[in-house]
>>> print(open('query.cif').read())   # mmCIF, C-alpha atoms
data_data
loop_
_atom_site.label_atom_id
_atom_site.label_comp_id
_atom_site.auth_asym_id
_atom_site.auth_seq_id
_atom_site.Cartn_x
_atom_site.Cartn_y
_atom_site.Cartn_z
CA MET W 1139 0.00 0.00 0.00
CA MET W 1140 1.44 3.38 -0.98
CA ASP W 1141 0.85 6.98 0.23
CA ASP W 1142 0.15 9.98 -2.04
CA ALA W 1143 3.15 12.23 -2.88
CA HIS W 1144 3.65 15.21 -0.53
CA PRO W 1145 3.57 18.78 -1.92
CA GLY W 1146 7.00 19.89 -3.13
CA ASP W 1147 8.18 16.31 -3.82
CA ASP W 1148 9.07 15.23 -7.29
CA GLU W 1149 6.03 14.06 -9.14
CA GLY W 1150 5.56 10.36 -8.82
CA ALA W 1151 7.76 10.01 -5.72
CA GLN W 1152 6.26 7.40 -3.37
CA VAL W 1153 6.74 6.38 0.25
CA ILE W 1154 6.52 2.65 0.99
CA ARG W 1155 5.28 1.70 4.42
CA LEU W 1156 7.66 -0.46 6.47
CA ALA W 1157 4.87 -2.41 8.14
CA SER W 1158 1.20 -2.87 7.46
CA VAL W 1159 -1.10 -1.29 10.02
CA ARG W 1160 -4.65 -2.29 10.80
CA GLU W 1161 -6.95 0.65 10.27
CA ASP W 1162 -8.79 -0.05 13.53
CA ALA W 1163 -5.64 -0.37 15.68
CA PRO W 1164 -5.47 2.43 18.30
CA GLY W 1165 -2.87 5.03 17.46
CA GLY W 1166 -2.06 3.22 14.24
CA GLU W 1167 0.09 0.72 16.12
CA PRO W 1168 0.15 -2.86 14.85
CA PRO W 1169 -1.77 -5.32 17.03
CA GLY W 1170 0.22 -7.54 19.40
CA ASP W 1171 0.90 -11.20 18.51
CA ASP W 1172 -0.43 -13.48 21.23
CA ARG W 1173 1.39 -16.55 19.86
CA PRO W 1174 4.26 -17.79 22.06
CA PRO W 1175 7.72 -17.55 20.52
CA GLU W 1176 8.91 -20.69 18.82
CA ARG W 1177 11.25 -22.83 20.90
CA GLY W 1178 14.68 -23.77 19.74
CA GLY W 1179 15.84 -27.35 19.37
CA PHE W 1180 17.51 -27.41 22.79
CA GLU W 1181 14.45 -25.96 24.53
CA GLN W 1182 12.15 -28.47 22.85
CA ALA W 1183 14.43 -31.35 23.85
CA LEU W 1184 14.61 -30.07 27.43
CA ALA W 1185 10.84 -29.65 27.67
CA SER W 1186 10.29 -33.11 26.22
CA GLY W 1187 12.79 -34.63 28.65
CA LEU W 1188 11.19 -32.94 31.65
CA ALA W 1189 7.75 -34.09 30.55
CA PHE W 1190 9.09 -37.64 30.22
CA LEU W 1191 10.55 -37.52 33.74
CA ARG W 1192 7.28 -36.14 35.15
CA ARG W 1193 5.31 -39.01 33.60
CA ARG W 1194 7.78 -41.55 35.00
CA LEU W 1195 7.59 -40.06 38.50
CA THR W 1196 3.79 -39.81 38.53
CA GLY W 1197 3.22 -43.19 36.91
CA GLU W 1198 1.41 -41.71 33.91
CA TYR W 1199 2.59 -44.34 31.45
CA GLU W 1200 1.37 -47.74 30.33
CA ILE W 1201 2.91 -51.19 30.24
CA ASP W 1202 1.33 -54.38 28.96
CA GLU W 1203 0.98 -57.72 30.71
CA PHE W 1204 4.53 -58.70 29.73
CA GLY W 1205 6.11 -55.50 31.07
CA TYR W 1206 6.50 -53.82 27.68
CA ASP W 1207 6.90 -50.05 28.12
CA PRO W 1208 6.51 -48.42 24.67
CA GLU W 1209 7.46 -44.90 25.83
CA PHE W 1210 10.61 -46.01 27.67
CA ASN W 1211 11.60 -48.20 24.75
CA SER W 1212 11.22 -45.49 22.11
CA THR W 1213 12.68 -42.69 24.28
CA VAL W 1214 15.60 -44.42 26.00
CA LEU W 1215 16.46 -47.88 24.68
CA LEU W 1216 15.99 -47.59 20.93
CA PRO W 1217 17.96 -44.32 20.51
CA LEU W 1218 21.01 -45.94 22.13
CA ALA W 1219 20.82 -48.96 19.83
CA ARG W 1220 20.03 -46.76 16.82
CA ALA W 1221 23.42 -45.03 17.06
CA LEU W 1222 25.15 -48.39 16.53
CA TYR W 1223 22.65 -49.35 13.83
CA GLU W 1224 23.08 -46.25 11.67
CA HIS W 1225 26.65 -45.08 12.26
CA TRP W 1226 28.69 -48.07 13.42
CA PHE W 1227 27.29 -51.13 11.64
CA ARG W 1228 25.72 -49.21 8.71
CA ILE W 1229 22.98 -51.80 8.41
CA GLU W 1230 21.20 -52.49 5.12
CA LEU W 1231 17.85 -54.24 4.91
CA ASP W 1232 16.46 -56.56 2.29
CA GLY W 1233 12.99 -58.07 1.98
CA LEU W 1234 11.05 -55.77 4.31
CA ASP W 1235 7.98 -56.39 2.15
CA ASN W 1236 8.03 -59.96 3.42
CA ILE W 1237 7.06 -58.88 6.93
CA PRO W 1238 3.31 -59.68 7.10
CA GLU W 1239 0.67 -57.80 9.00
CA GLY W 1240 -0.68 -59.49 12.08
CA GLY W 1241 0.80 -62.40 13.96
CA ALA W 1242 3.92 -64.08 12.58
CA LEU W 1243 6.96 -65.93 13.90
CA LEU W 1244 10.33 -64.51 12.83
CA VAL W 1245 13.12 -67.12 12.91
CA ALA W 1246 16.70 -65.79 12.69
CA ASN W 1247 20.28 -66.99 13.05
CA HIS W 1248 22.13 -65.97 16.22
CA SER W 1249 25.77 -64.94 16.52
CA GLY W 1250 28.24 -62.34 17.74
CA THR W 1251 29.46 -63.55 21.18
CA ILE W 1252 27.43 -60.71 22.71
CA PRO W 1253 23.94 -60.83 21.16
CA LEU W 1254 23.77 -57.36 19.64
CA ASP W 1255 21.96 -58.92 16.67
CA ALA W 1256 18.77 -58.97 18.76
CA LEU W 1257 19.01 -55.22 19.38
CA MET W 1258 19.75 -54.41 15.75
CA LEU W 1259 16.82 -56.56 14.59
CA SER W 1260 14.53 -54.63 16.94
CA VAL W 1261 15.69 -51.27 15.57
CA ALA W 1262 15.31 -52.44 11.96
CA LEU W 1263 11.73 -53.59 12.37
CA HIS W 1264 10.67 -50.66 14.58
CA ASP W 1265 12.11 -47.94 12.36
CA HIS W 1266 11.61 -49.41 8.89
CA ALA W 1267 8.66 -51.80 9.13
CA GLY W 1268 6.64 -50.11 11.86
CA ARG W 1269 6.58 -53.35 13.89
CA GLN W 1270 7.70 -54.04 17.42
CA VAL W 1271 9.28 -57.50 17.39
CA ARG W 1272 8.70 -59.37 20.65
CA LEU W 1273 11.83 -61.48 21.07
CA LEU W 1274 11.86 -64.68 23.12
CA GLY W 1275 14.93 -64.75 25.38
CA ALA W 1276 16.75 -67.51 27.27
CA ASP W 1277 16.29 -68.05 31.02
CA LEU W 1278 19.73 -66.56 31.72
CA VAL W 1279 18.63 -63.17 30.34
CA TYR W 1280 15.87 -62.90 32.94
CA GLN W 1281 18.02 -64.20 35.79
CA ILE W 1282 20.23 -61.10 35.51
CA PRO W 1283 18.21 -58.41 37.36
CA LEU W 1284 18.94 -55.28 35.31
CA LEU W 1285 19.17 -57.04 31.95
CA GLY W 1286 15.94 -58.94 32.53
CA HIS W 1287 14.13 -55.76 33.58
CA LEU W 1288 15.30 -53.82 30.51
CA SER W 1289 14.43 -56.73 28.21
CA ARG W 1290 10.84 -56.70 29.43
CA LYS W 1291 10.72 -52.91 29.10
CA ALA W 1292 11.81 -53.38 25.47
CA GLY W 1293 8.91 -55.76 24.82
CA HIS W 1294 10.67 -59.11 25.06
CA THR W 1295 9.81 -62.09 27.22
CA LEU W 1296 10.88 -65.55 28.31
CA ALA W 1297 11.22 -68.19 25.61
CA CYS W 1298 8.24 -70.36 26.51
CA GLN W 1299 5.34 -71.56 24.37
CA ALA W 1300 2.69 -70.04 26.65
CA ASP W 1301 4.02 -66.48 26.32
CA ALA W 1302 4.64 -66.90 22.59
CA ALA W 1303 1.11 -68.19 22.02
CA ARG W 1304 -0.43 -65.25 23.89
CA LEU W 1305 1.61 -62.74 21.88
CA LEU W 1306 0.79 -64.37 18.54
CA ALA W 1307 -2.91 -64.47 19.43
CA LYS W 1308 -2.73 -60.68 19.88
CA GLY W 1309 -1.33 -60.28 16.36
CA GLU W 1310 2.23 -59.53 17.49
CA LEU W 1311 5.41 -60.22 15.54
CA VAL W 1312 7.36 -62.70 17.67
CA GLY W 1313 11.08 -63.33 17.11
CA VAL W 1314 13.07 -66.40 18.06
CA PHE W 1315 16.71 -67.52 17.73
CA PRO W 1316 16.53 -71.34 17.69
CA GLU W 1317 20.33 -71.77 17.92
CA GLY W 1318 20.37 -70.16 21.35
CA PHE W 1319 23.75 -69.88 23.07
CA LYS W 1320 25.18 -72.51 20.71
CA GLY W 1321 24.89 -69.96 17.94
CA VAL W 1322 25.82 -66.74 19.68
CA GLY W 1323 28.81 -68.37 21.41
CA LYS W 1324 30.27 -70.42 18.59
CA PRO W 1325 33.95 -69.87 17.62
CA PHE W 1326 34.89 -67.56 14.78
CA SER W 1327 36.12 -70.53 12.76
CA GLU W 1328 32.48 -71.70 12.47
CA ARG W 1329 31.04 -68.35 11.45
CA TYR W 1330 27.88 -68.39 9.32
CA LYS W 1331 27.41 -72.13 9.90
CA LEU W 1332 24.10 -72.66 11.62
CA GLN W 1333 24.03 -74.73 14.76
CA ARG W 1334 21.25 -77.15 15.65
CA PHE W 1335 17.78 -75.59 15.85
CA GLY W 1336 16.90 -77.18 19.16
CA ARG W 1337 13.90 -79.52 19.29
CA GLY W 1338 11.70 -77.40 17.03
CA GLY W 1339 9.55 -75.88 19.73
CA PHE W 1340 9.06 -72.76 17.62
CA VAL W 1341 7.47 -74.86 14.87
CA GLY W 1342 4.94 -76.29 17.30
CA THR W 1343 4.13 -72.76 18.46
CA ALA W 1344 3.56 -71.55 14.89
CA LEU W 1345 1.39 -74.58 14.06
CA ARG W 1346 -0.84 -74.12 17.11
CA ALA W 1347 -1.19 -70.38 16.49
CA GLY W 1348 -1.78 -70.80 12.75
CA VAL W 1349 0.77 -68.12 11.82
CA PRO W 1350 3.46 -68.04 9.10
CA ILE W 1351 7.17 -68.42 9.77
CA VAL W 1352 9.39 -65.65 8.37
CA PRO W 1353 13.04 -66.74 7.92
CA CYS W 1354 15.66 -64.08 8.64
CA ALA W 1355 19.39 -64.01 7.86
CA ILE W 1356 21.65 -61.59 9.76
CA VAL W 1357 25.10 -61.07 8.23
CA GLY W 1358 27.70 -58.97 10.04
CA ALA W 1359 27.30 -59.94 13.68
CA GLU W 1360 29.84 -62.76 13.37
CA GLU W 1361 32.70 -60.24 13.03
CA ILE W 1362 31.95 -57.86 15.91
CA TYR W 1363 33.60 -60.00 18.63
CA PRO W 1364 35.57 -62.80 16.90
CA LYS W 1365 35.68 -65.57 19.51
CA ILE W 1366 39.03 -67.37 19.29
CA ALA W 1367 38.98 -69.21 22.63
CA ASP W 1368 36.76 -69.98 25.63
CA LEU W 1369 37.73 -69.93 29.32
CA ARG W 1370 35.33 -72.67 30.40
CA PRO W 1371 36.43 -72.90 34.06
CA LEU W 1372 35.77 -69.19 34.51
CA ALA W 1373 32.47 -69.50 32.64
CA ARG W 1374 31.33 -72.28 35.00
CA LEU W 1375 32.40 -70.22 38.01
CA LEU W 1376 30.34 -67.26 36.82
CA GLY W 1377 27.38 -69.39 35.73
CA LEU W 1378 27.78 -68.38 32.08
CA PRO W 1379 27.49 -70.60 28.98
CA TYR W 1380 30.95 -69.42 27.88
CA PHE W 1381 33.61 -66.80 28.66
CA PRO W 1382 35.01 -65.58 25.34
CA ILE W 1383 38.52 -64.63 24.39
CA THR W 1384 38.66 -62.32 21.37
CA PRO W 1385 41.54 -60.43 19.69
CA THR W 1386 40.69 -57.38 21.83
CA PHE W 1387 39.19 -58.86 25.03
CA PRO W 1388 40.43 -59.15 27.74
CA LEU W 1389 43.75 -57.92 26.32
CA LEU W 1390 42.53 -54.32 25.96
CA GLY W 1391 40.39 -54.32 29.09
CA PRO W 1392 37.10 -52.39 28.86
CA ALA W 1393 38.13 -51.09 25.42
CA GLY W 1394 37.92 -54.67 24.21
CA LEU W 1395 34.16 -54.56 24.72
CA VAL W 1396 33.76 -52.08 21.85
CA PRO W 1397 32.41 -54.10 18.90
CA LEU W 1398 34.33 -54.06 15.65
CA PRO W 1399 32.56 -51.93 12.99
CA SER W 1400 31.54 -54.68 10.59
CA LYS W 1401 29.12 -54.06 7.72
CA TRP W 1402 25.71 -55.65 8.32
CA VAL W 1403 22.91 -56.84 6.05
CA ILE W 1404 19.61 -58.14 7.46
CA ARG W 1405 17.47 -60.08 5.02
CA PHE W 1406 13.87 -61.20 5.49
CA GLY W 1407 12.74 -64.17 3.42
CA GLU W 1408 9.32 -64.98 2.07
CA PRO W 1409 6.84 -66.13 4.74
CA MET W 1410 6.55 -69.89 5.02
CA THR W 1411 2.85 -70.59 5.44
CA LEU W 1412 1.73 -73.69 7.31
CA ASP W 1413 -1.79 -73.79 5.88
CA GLY W 1414 -1.35 -77.41 4.83
CA TYR W 1415 -1.12 -78.51 8.48
CA ASP W 1416 -3.66 -78.45 11.28
CA ALA W 1417 -2.97 -77.66 14.92
CA ASP W 1418 -2.68 -81.38 15.77
CA ALA W 1419 0.48 -81.55 13.63
CA ALA W 1420 2.26 -79.72 16.45
CA ASP W 1421 2.13 -82.95 18.47
CA ASP W 1422 3.66 -85.08 15.70
CA PRO W 1423 7.46 -85.19 16.27
CA MET W 1424 8.23 -86.18 12.69
CA THR W 1425 6.20 -83.32 11.23
CA VAL W 1426 7.80 -80.84 13.59
CA PHE W 1427 11.28 -82.17 12.76
CA GLU W 1428 10.70 -81.94 9.00
CA ILE W 1429 9.43 -78.35 9.18
CA THR W 1430 12.27 -77.36 11.53
CA ASP W 1431 14.85 -78.81 9.15
CA HIS W 1432 13.23 -77.02 6.22
CA VAL W 1433 13.32 -73.67 8.03
CA ARG W 1434 16.96 -74.20 9.03
CA GLU W 1435 17.97 -75.01 5.43
CA ASN W 1436 16.15 -71.91 4.24
CA VAL W 1437 17.93 -69.62 6.71
CA GLN W 1438 21.31 -71.23 5.92
CA HIS W 1439 20.80 -70.70 2.18
CA MET W 1440 19.82 -67.07 2.78
CA LEU W 1441 22.95 -66.58 4.91
CA TYR W 1442 25.28 -67.76 2.16
CA GLU W 1443 23.56 -65.61 -0.47
CA THR W 1444 23.56 -62.51 1.75
CA LEU W 1445 27.19 -63.06 2.74
CA LEU W 1446 28.22 -63.02 -0.92
CA ARG W 1447 26.19 -59.88 -1.51
CA ARG W 1448 27.70 -58.08 1.49
CA GLY W 1449 31.27 -58.65 0.37
CA PRO W 1450 34.18 -57.58 2.63
CA ALA W 1451 33.27 -57.41 6.29
CA PHE W 1452 34.63 -53.96 7.10
CA LEU W 1453 34.27 -51.95 3.88
#
>>> encode(input="query.cif", output="structure tokens")
Amino acid sequence: MMDDAHPGDDEGAQVIRLASVREDAPGGEPPGDDRPPERGGFEQALASGLAFLRRRLTGEYEIDEFGYDPEFNSTVLLPLARALYEHWFRIELDGLDNIPEGGALLVANHSGTIPLDALMLSVALHDHAGRQVRLLGADLVYQIPLLGHLSRKAGHTLACQADAARLLAKGELVGVFPEGFKGVGKPFSERYKLQRFGRGGFVGTALRAGVPIVPCAIVGAEEIYPKIADLRPLARLLGLPYFPITPTFPLLGPAGLVPLPSKWVIRFGEPMTLDGYDADAADDPMTVFEITDHVRENVQHMLYETLLRRGPAFL
């Protein structure tokens, strides 16, 4: 909006207002802005953190029957694991479209001496598939007070058929590592060679629940803590399945606990439907054995293919 030229000014000279003024504003002053000033990134983070602490102190948060705390998981646990996922292991994903909606049983290989593969799998599915995988853990995990508590906060539970069945009936994505400690604690010389898949309890669970089995191959975890020896007397003394010796631990002390920055690829295979079987097949040992062996062969084949695709471990 422009004013008329004042007398004595050159013809056509114009004055441009510096700010628009409401005609009904007293004294021609612009009206005040009642909106609060925008907060900076630090202020927003601080406010969010204080609100989180207030909810924790007042108990204004929810957990499910298994102890899963979605807010604590997404605010505290996942960001810590995500730093390793994105910047240290540089994880690539393949086959995310194979993750079905609703209940399903995810069956993966297990390795790494320290089972960081479970954490990385959780981040991958949470961030990129929008699913919270409910992992089934060994008894030892829940016998360690802090670790067991944090595992339940993250949505995981004890590896038993009753808990798995309840989760699958609710449409959850349940994850299992059938190799157990035999896989995660195997020596580096046996890397990417699957160990025995137990007695096939996971197959019976899938058959009873009527859900598909999704095979999963995790490449990269084998190189993070290369296990070259095992101090079995010390492991028995501490009540552990093994006490690993790696090129960096215990030689470098606490620094030896830093995982090596291997390149990871996590691949999800096509769901293996069990529609051709009824729930009674879960009680037939031969049927369970055949399906277990088929799943194991599938995961092993995926491992070899993904290993070739990944190439060098640290580049």
>>> resolve_selection(input="query.cif", expression="the PyMOL selection byres ((chain W and resi 1378) around 12)", output="JSON, numbers by chain")
{"W": [1277, 1278, 1279, 1281, 1282, 1319, 1323, 1368, 1369, 1370, 1371, 1372, 1373, 1374, 1375, 1376, 1377, 1379, 1380, 1381, 1382]}
>>> residues_around(input="query.cif", residues="segment 1244-1258 of chain W", least_positions_apart="5", cutoff="8 Å", atoms="only C-alpha atoms", output="PDB file with C-alpha atoms, in the frame of the given file")
ATOM      1  CA  ALA W1219      20.820 -48.960  19.830  1.00  0.00           C
ATOM      2  CA  ARG W1220      20.030 -46.760  16.820  1.00  0.00           C
ATOM      3  CA  TYR W1223      22.650 -49.350  13.830  1.00  0.00           C
ATOM      4  CA  LEU W1273      11.830 -61.480  21.070  1.00  0.00           C
ATOM      5  CA  LEU W1311       5.410 -60.220  15.540  1.00  0.00           C
ATOM      6  CA  VAL W1312       7.360 -62.700  17.670  1.00  0.00           C
ATOM      7  CA  GLY W1313      11.080 -63.330  17.110  1.00  0.00           C
ATOM      8  CA  VAL W1314      13.070 -66.400  18.060  1.00  0.00           C
ATOM      9  CA  PHE W1315      16.710 -67.520  17.730  1.00  0.00           C
ATOM     10  CA  PRO W1316      16.530 -71.340  17.690  1.00  0.00           C
ATOM     11  CA  GLU W1317      20.330 -71.770  17.920  1.00  0.00           C
ATOM     12  CA  GLY W1318      20.370 -70.160  21.350  1.00  0.00           C
ATOM     13  CA  GLY W1321      24.890 -69.960  17.940  1.00  0.00           C
ATOM     14  CA  VAL W1322      25.820 -66.740  19.680  1.00  0.00           C
ATOM     15  CA  GLY W1323      28.810 -68.370  21.410  1.00  0.00           C
ATOM     16  CA  LYS W1324      30.270 -70.420  18.590  1.00  0.00           C
ATOM     17  CA  LEU W1332      24.100 -72.660  11.620  1.00  0.00           C
ATOM     18  CA  ILE W1351       7.170 -68.420   9.770  1.00  0.00           C
ATOM     19  CA  VAL W1352       9.390 -65.650   8.370  1.00  0.00           C
ATOM     20  CA  PRO W1353      13.040 -66.740   7.920  1.00  0.00           C
ATOM     21  CA  CYS W1354      15.660 -64.080   8.640  1.00  0.00           C
ATOM     22  CA  ALA W1355      19.390 -64.010   7.860  1.00  0.00           C
ATOM     23  CA  ILE W1356      21.650 -61.590   9.760  1.00  0.00           C
ATOM     24  CA  ALA W1359      27.300 -59.940  13.680  1.00  0.00           C
ATOM     25  CA  GLU W1360      29.840 -62.760  13.370  1.00  0.00           C
ATOM     26  CA  GLU W1361      32.700 -60.240  13.030  1.00  0.00           C
ATOM     27  CA  ILE W1362      31.950 -57.860  15.910  1.00  0.00           C
ATOM     28  CA  TYR W1363      33.600 -60.000  18.630  1.00  0.00           C
ATOM     29  CA  PRO W1364      35.570 -62.800  16.900  1.00  0.00           C
ATOM     30  CA  LYS W1365      35.680 -65.570  19.510  1.00  0.00           C
ATOM     31  CA  PRO W1382      35.010 -65.580  25.340  1.00  0.00           C
ATOM     32  CA  VAL W1437      17.930 -69.620   6.710  1.00  0.00           C
TER      33      VAL W1437
END
>>> resolve_selection(input="query.cif", expression="the PyMOL selection byres ((chain W and resi 1289-1306) around 8)", output="ChimeraX atom specification")
/W:1204-1208,1210-1211,1215,1241-1243,1270-1277,1279-1280,1285-1288,1307-1312,1314,1339-1340,1343,1346-1347,1349
>>> write_last_selection(input="query.cif", atoms="C-alpha atoms", output="short mmCIF file (atom, residue, chain, number, x, y, z; two decimals), keeping the file's coordinate frame")
data_model
loop_
_atom_site.label_atom_id
_atom_site.label_comp_id
_atom_site.auth_asym_id
_atom_site.auth_seq_id
_atom_site.Cartn_x
_atom_site.Cartn_y
_atom_site.Cartn_z
CA PHE W 1204 4.53 -58.70 29.73
CA GLY W 1205 6.11 -55.50 31.07
CA TYR W 1206 6.50 -53.82 27.68
CA ASP W 1207 6.90 -50.05 28.12
CA PRO W 1208 6.51 -48.42 24.67
CA PHE W 1210 10.61 -46.01 27.67
CA ASN W 1211 11.60 -48.20 24.75
CA LEU W 1215 16.46 -47.88 24.68
CA GLY W 1241 0.80 -62.40 13.96
CA ALA W 1242 3.92 -64.08 12.58
CA LEU W 1243 6.96 -65.93 13.90
CA GLN W 1270 7.70 -54.04 17.42
CA VAL W 1271 9.28 -57.50 17.39
CA ARG W 1272 8.70 -59.37 20.65
CA LEU W 1273 11.83 -61.48 21.07
CA LEU W 1274 11.86 -64.68 23.12
CA GLY W 1275 14.93 -64.75 25.38
CA ALA W 1276 16.75 -67.51 27.27
CA ASP W 1277 16.29 -68.05 31.02
CA VAL W 1279 18.63 -63.17 30.34
CA TYR W 1280 15.87 -62.90 32.94
CA LEU W 1285 19.17 -57.04 31.95
CA GLY W 1286 15.94 -58.94 32.53
CA HIS W 1287 14.13 -55.76 33.58
CA LEU W 1288 15.30 -53.82 30.51
CA ALA W 1307 -2.91 -64.47 19.43
CA LYS W 1308 -2.73 -60.68 19.88
CA GLY W 1309 -1.33 -60.28 16.36
CA GLU W 1310 2.23 -59.53 17.49
CA LEU W 1311 5.41 -60.22 15.54
CA VAL W 1312 7.36 -62.70 17.67
CA VAL W 1314 13.07 -66.40 18.06
CA GLY W 1339 9.55 -75.88 19.73
CA PHE W 1340 9.06 -72.76 17.62
CA THR W 1343 4.13 -72.76 18.46
CA ARG W 1346 -0.84 -74.12 17.11
CA ALA W 1347 -1.19 -70.38 16.49
CA VAL W 1349 0.77 -68.12 11.82
#
>>> resolve_selection(input="query.cif", expression="the PyMOL selection byres ((chain W and resi 1438-1440) around 12)", output="ChimeraX atom specification")
/W:1232-1233,1245-1248,1329-1335,1352-1357,1403-1408,1431-1437,1441-1447
>>> atom_distance(input="query.cif", atom1="atom CA of Arg1448 of chain W", atom2="atom CA of Gly1358 of chain W")
8.6 Å
>>> closest_residue(input="query.cif", among="W:Leu1234, W:Ala1262, W:Leu1188, W:Leu1222", to="Val1396 of chain W", atoms="all atoms listed in the file")
W:Leu1222
>>> atom_distance(input="query.cif", atom1="atom CA of Ile1383 of chain W", atom2="atom CA of Ser1260 of chain W")
27.0 Å
>>> closest_residue(input="query.cif", among="W:Arg1228, W:Pro1409, W:Tyr1415, W:His1264", to="Ala1451 of chain W", atoms="only C-alpha atoms")
W:Arg1228
>>> closest_residue(input="query.cif", among="W:Pro1325, W:Gly1187, W:Gly1342, W:Pro1350", to="Ala1419 of chain W", atoms="all atoms listed in the file")
W:Gly1342
>>> atom_distance(input="query.cif", atom1="atom CA of Ile1237 of chain W", atom2="atom CA of Arg1269 of chain W")
8.9 Å
>>> closest_atom_pairs(input="query.cif", of="segment 1271-1353 of chain W", to="segment 1422-1429 of chain W", cutoff="8 Å", atoms="all atoms listed in the file", output="Markdown table")
| residue | atom | partner | partner_atom | distance |
| --- | --- | --- | --- | --- |
| W:Arg1337 | CA | W:Phe1427 | CA | 7.5 |
| W:Gly1338 | CA | W:Val1426 | CA | 6.2 |
| W:Val1341 | CA | W:Val1426 | CA | 6.1 |
| W:Gly1342 | CA | W:Val1426 | CA | 6.5 |
>>> residues_around(input="query.cif", residues="Asp1416 of chain W", least_positions_apart="2", cutoff="9 Å", atoms="only C-alpha atoms", output="PDB file with C-alpha atoms, in the frame of the given file")
ATOM      1  CA  LEU W1345       1.390 -74.580  14.060  1.00  0.00           C
ATOM      2  CA  ARG W1346      -0.840 -74.120  17.110  1.00  0.00           C
ATOM      3  CA  GLY W1348      -1.780 -70.800  12.750  1.00  0.00           C
ATOM      4  CA  LEU W1412       1.730 -73.690   7.310  1.00  0.00           C
ATOM      5  CA  ASP W1413      -1.790 -73.790   5.880  1.00  0.00           C
ATOM      6  CA  GLY W1414      -1.350 -77.410   4.830  1.00  0.00           C
ATOM      7  CA  ASP W1418      -2.680 -81.380  15.770  1.00  0.00           C
ATOM      8  CA  ALA W1419       0.480 -81.550  13.630  1.00  0.00           C
ATOM      9  CA  ALA W1420       2.260 -79.720  16.450  1.00  0.00           C
TER      10      ALA W1420
END
>>> residues_around(input="query.cif", residues="Glu1209 of chain W", least_positions_apart="3", cutoff="9 Å", atoms="all atoms listed in the file", output="tab-separated table (two decimals) with C-alpha atoms, in the coordinates of the input")
chain	number	residue	atom	x	y	z
W	1190	PHE	CA	9.09	-37.64	30.22
W	1199	TYR	CA	2.59	-44.34	31.45
W	1200	GLU	CA	1.37	-47.74	30.33
W	1201	ILE	CA	2.91	-51.19	30.24
W	1212	SER	CA	11.22	-45.49	22.11
W	1213	THR	CA	12.68	-42.69	24.28
W	1214	VAL	CA	15.60	-44.42	26.00
